[in-house]
Amino acid sequence: MIKNNKSFDLKSLDYFILAPTKPPIYQQLFSPLFRERGLKVMVKRLDLLHPDVQGNKFYKLHYNLKTAKDLGFRSVLTFGGAYSNHIHATSFAAAANGLESIGVIRGELIAPLNPTLIDAQNQGMLLHPMNRTDYREKDSPTILEQLKGMFGDFYLIPEGGTNALAIKGTKEILTDQDLNMDFVTTPIGTGGTFAGLLGSATAKQQVIGFSALKGDFIFSEIDDLLQKHNIRPKCTYNIQTAYHFGGYAKHKPALIQFMQELKKKANLPLDPVYTGKMLFGLFDLIQKDYFPYGSKILVLHTGGLQGIRGFEQRLGIQL
């Protein structure tokens, strides 16, 4: 049995074959900007939980894979793009738990495969391309029945991993030692991590989500998640939509330069899809005096670093 320690708390972890290699590390960031405003900024390095199932994916997959095994499934099927952190993490976590995995990939599989898909394939994941028209209907009964006809019975994990069991896991990201922080920040993709944090943060805290997606639809999606999963936040919360840099998986030179500087000066690697945009947005909000003097800010590093290889390969940019 794997015993929990004070800095890491996931129930029933002994059931999960893929255990964390280490508890989260808290890294304090220093800047004249923070000192002027009396701010303490701490990064919770969830990216260091495990080399292959990093950050929020660890929490999202935990109860899903446990349930798949409890119900007697032999395989899991999920969806994602060609550079998906979720596809990558699911392939490793499923293999470690003795489960077969199927990854339905949006669009064509282009040879040679990128590093994300090579890793997934090497873990035994069966990669199945789906044209973009069908992919938009991937949650429909018709498409799911077609997939069952091809692959047999499987345990379904949605794109990005967000469902009730994922949110159950992400509610456990914040531990007792985080309760003294005034603000908690996280990137937002499908919203499962943000929803989980809203279900566990205290009334004295504010949770700020930085959307990686372009558009204001994220507000209604979060509202729907909270209603669907009966989450009534005690905390206040805010969603920032001005730091998407053109939309999902898009970037601009200012973002890349910021990430490179932060890695050089603070030894903090970020990805350009989620965590880079969050930290850029955080620094901007601090410059705009969003946070009261003396605030303590907890920044969640949600992983996603595996995607850097494909980003560098495609664009020839060193992060």
# chains A, B, ... in the order shown; residues from 1 in each chain; ligands from 1

call {"tool": "select_by_dssp", "arguments": {"residues": "range 188-294 of chain A", "states": "helix (DSSP H, G or I)", "output": "VMD selection string"}}
result
chain A and resid 192 to 198 217 to 228 253 to 266 275 to 287

call {"tool": "closest_atom_pairs", "arguments": {"of": "range 139-205 of chain A", "to": "range 82-89 of chain A", "cutoff": "10 Å", "atoms": "only C-alpha atoms", "output": "Markdown table"}}
result
| residue | atom | partner | partner_atom | distance |
| --- | --- | --- | --- | --- |
| A:Ile157 | CA | A:His86 | CA | 10.0 |
| A:Pro158 | CA | A:His86 | CA | 9.7 |
| A:Glu159 | CA | A:His86 | CA | 7.5 |
| A:Gly160 | CA | A:His86 | CA | 5.6 |
| A:Gly161 | CA | A:His86 | CA | 6.8 |

call {"tool": "residues_around", "arguments": {"residues": "Thr162 in chain A", "least_positions_apart": "6", "cutoff": "12 Å", "atoms": "only C-alpha atoms", "output": "list in words"}}
result
Asn56, Lys57, Tyr59, Lys60, Leu61, His62, Tyr63, Asn64, Thr78, Phe79, His86, Leu156, Lys168, Gly169, Thr170, Ile188, Gly189, Thr190, Gly191, Gly192, Thr193, Phe194, Ala195, Gly196, Glu221, Ile222, Leu225 and His229 of chain A

call {"tool": "select_by_dssp", "arguments": {"residues": "range 131-220 of chain A", "states": "strand (DSSP E)", "output": "compact mmCIF listing (two decimals) with C-alpha atoms, in the first residue's frame"}}
result
# COMPACT_ATOMS: atom_id res chain seq x y z
CA TYR A 155 -14.68 2.51 -20.84
CA LEU A 156 -15.20 5.99 -22.27
CA PHE A 183 -5.55 33.43 -4.51
CA VAL A 184 -5.26 30.23 -6.56
CA THR A 185 -4.61 30.40 -10.30
CA THR A 186 -4.97 27.69 -12.93
CA PRO A 187 -5.21 27.40 -16.72
CA ILE A 188 -8.60 26.45 -18.16
CA GLN A 206 -10.37 33.50 -4.85
CA VAL A 207 -9.74 31.08 -7.73
CA ILE A 208 -8.67 32.67 -11.02
CA GLY A 209 -8.84 30.67 -14.22
CA PHE A 210 -6.96 31.69 -17.36
CA SER A 211 -8.79 30.39 -20.41

call {"tool": "residues_around", "arguments": {"residues": "Leu65 in chain A", "least_positions_apart": "6", "cutoff": "9 Å", "atoms": "only C-alpha atoms", "output": "PyMOL selection string"}}
result
chain A and resi 16+76+93-94+97+99+155

call {"tool": "closest_residue", "arguments": {"among": "A:Pro233, A:Arg37, A:Lys69, A:Pro32", "to": "Ile286 in chain A", "atoms": "only C-alpha atoms"}}
result
A:Arg37

call {"tool": "closest_residue", "arguments": {"among": "A:Ser101, A:Arg232, A:Val41, A:Ala212", "to": "Val299 in chain A", "atoms": "only C-alpha atoms"}}
result
A:Val41

call {"tool": "atom_distance", "arguments": {"atom1": "CA of Pro112 in chain A", "atom2": "CA of Ile317 in chain A"}}
result
19.6 Å

call {"tool": "residues_around", "arguments": {"residues": "Leu127 in chain A", "least_positions_apart": "6", "cutoff": "12 Å", "atoms": "only C-alpha atoms", "output": "VMD selection string"}}
result
chain A and resid 77 to 82 87 to 88 91 100 to 110 113 116 to 121 151

call {"tool": "closest_residue", "arguments": {"among": "A:Gly98, A:Lys171, A:His244, A:Leu268", "to": "Tyr26 in chain A", "atoms": "only C-alpha atoms"}}
result
A:Leu268

call {"tool": "residues_around", "arguments": {"residues": "Phe291 in chain A", "least_positions_apart": "4", "cutoff": "10 Å", "atoms": "only C-alpha atoms", "output": "list in words"}}
result
Arg37, Gly38, Leu39, Asp182, Phe183, Leu282, Leu285, Ile286, Gln287, Ser295, Lys296 and Ile297 of chain A

call {"tool": "residues_around", "arguments": {"residues": "Leu305 in chain A", "least_positions_apart": "2", "cutoff": "9 Å", "atoms": "only C-alpha atoms", "output": "list in words"}}
result
Asp47, Gln54, Asn85, Pro269, Leu270, Asp271, Pro272, Gly303, Gly307, Ile308 and Arg309 of chain A

call {"tool": "closest_residue", "arguments": {"among": "A:Tyr290, A:Cys235, A:Met150, A:Leu226", "to": "His128 in chain A", "atoms": "only C-alpha atoms"}}
result
A:Met150

call {"tool": "atom_distance", "arguments": {"atom1": "CA of Leu46 in chain A", "atom2": "CA of Lys288 in chain A"}}
result
27.4 Å

call {"tool": "closest_residue", "arguments": {"among": "A:Lys277, A:Lys204, A:Arg74, A:Arg132", "to": "Lys252 in chain A", "atoms": "only C-alpha atoms"}}
result
A:Lys277
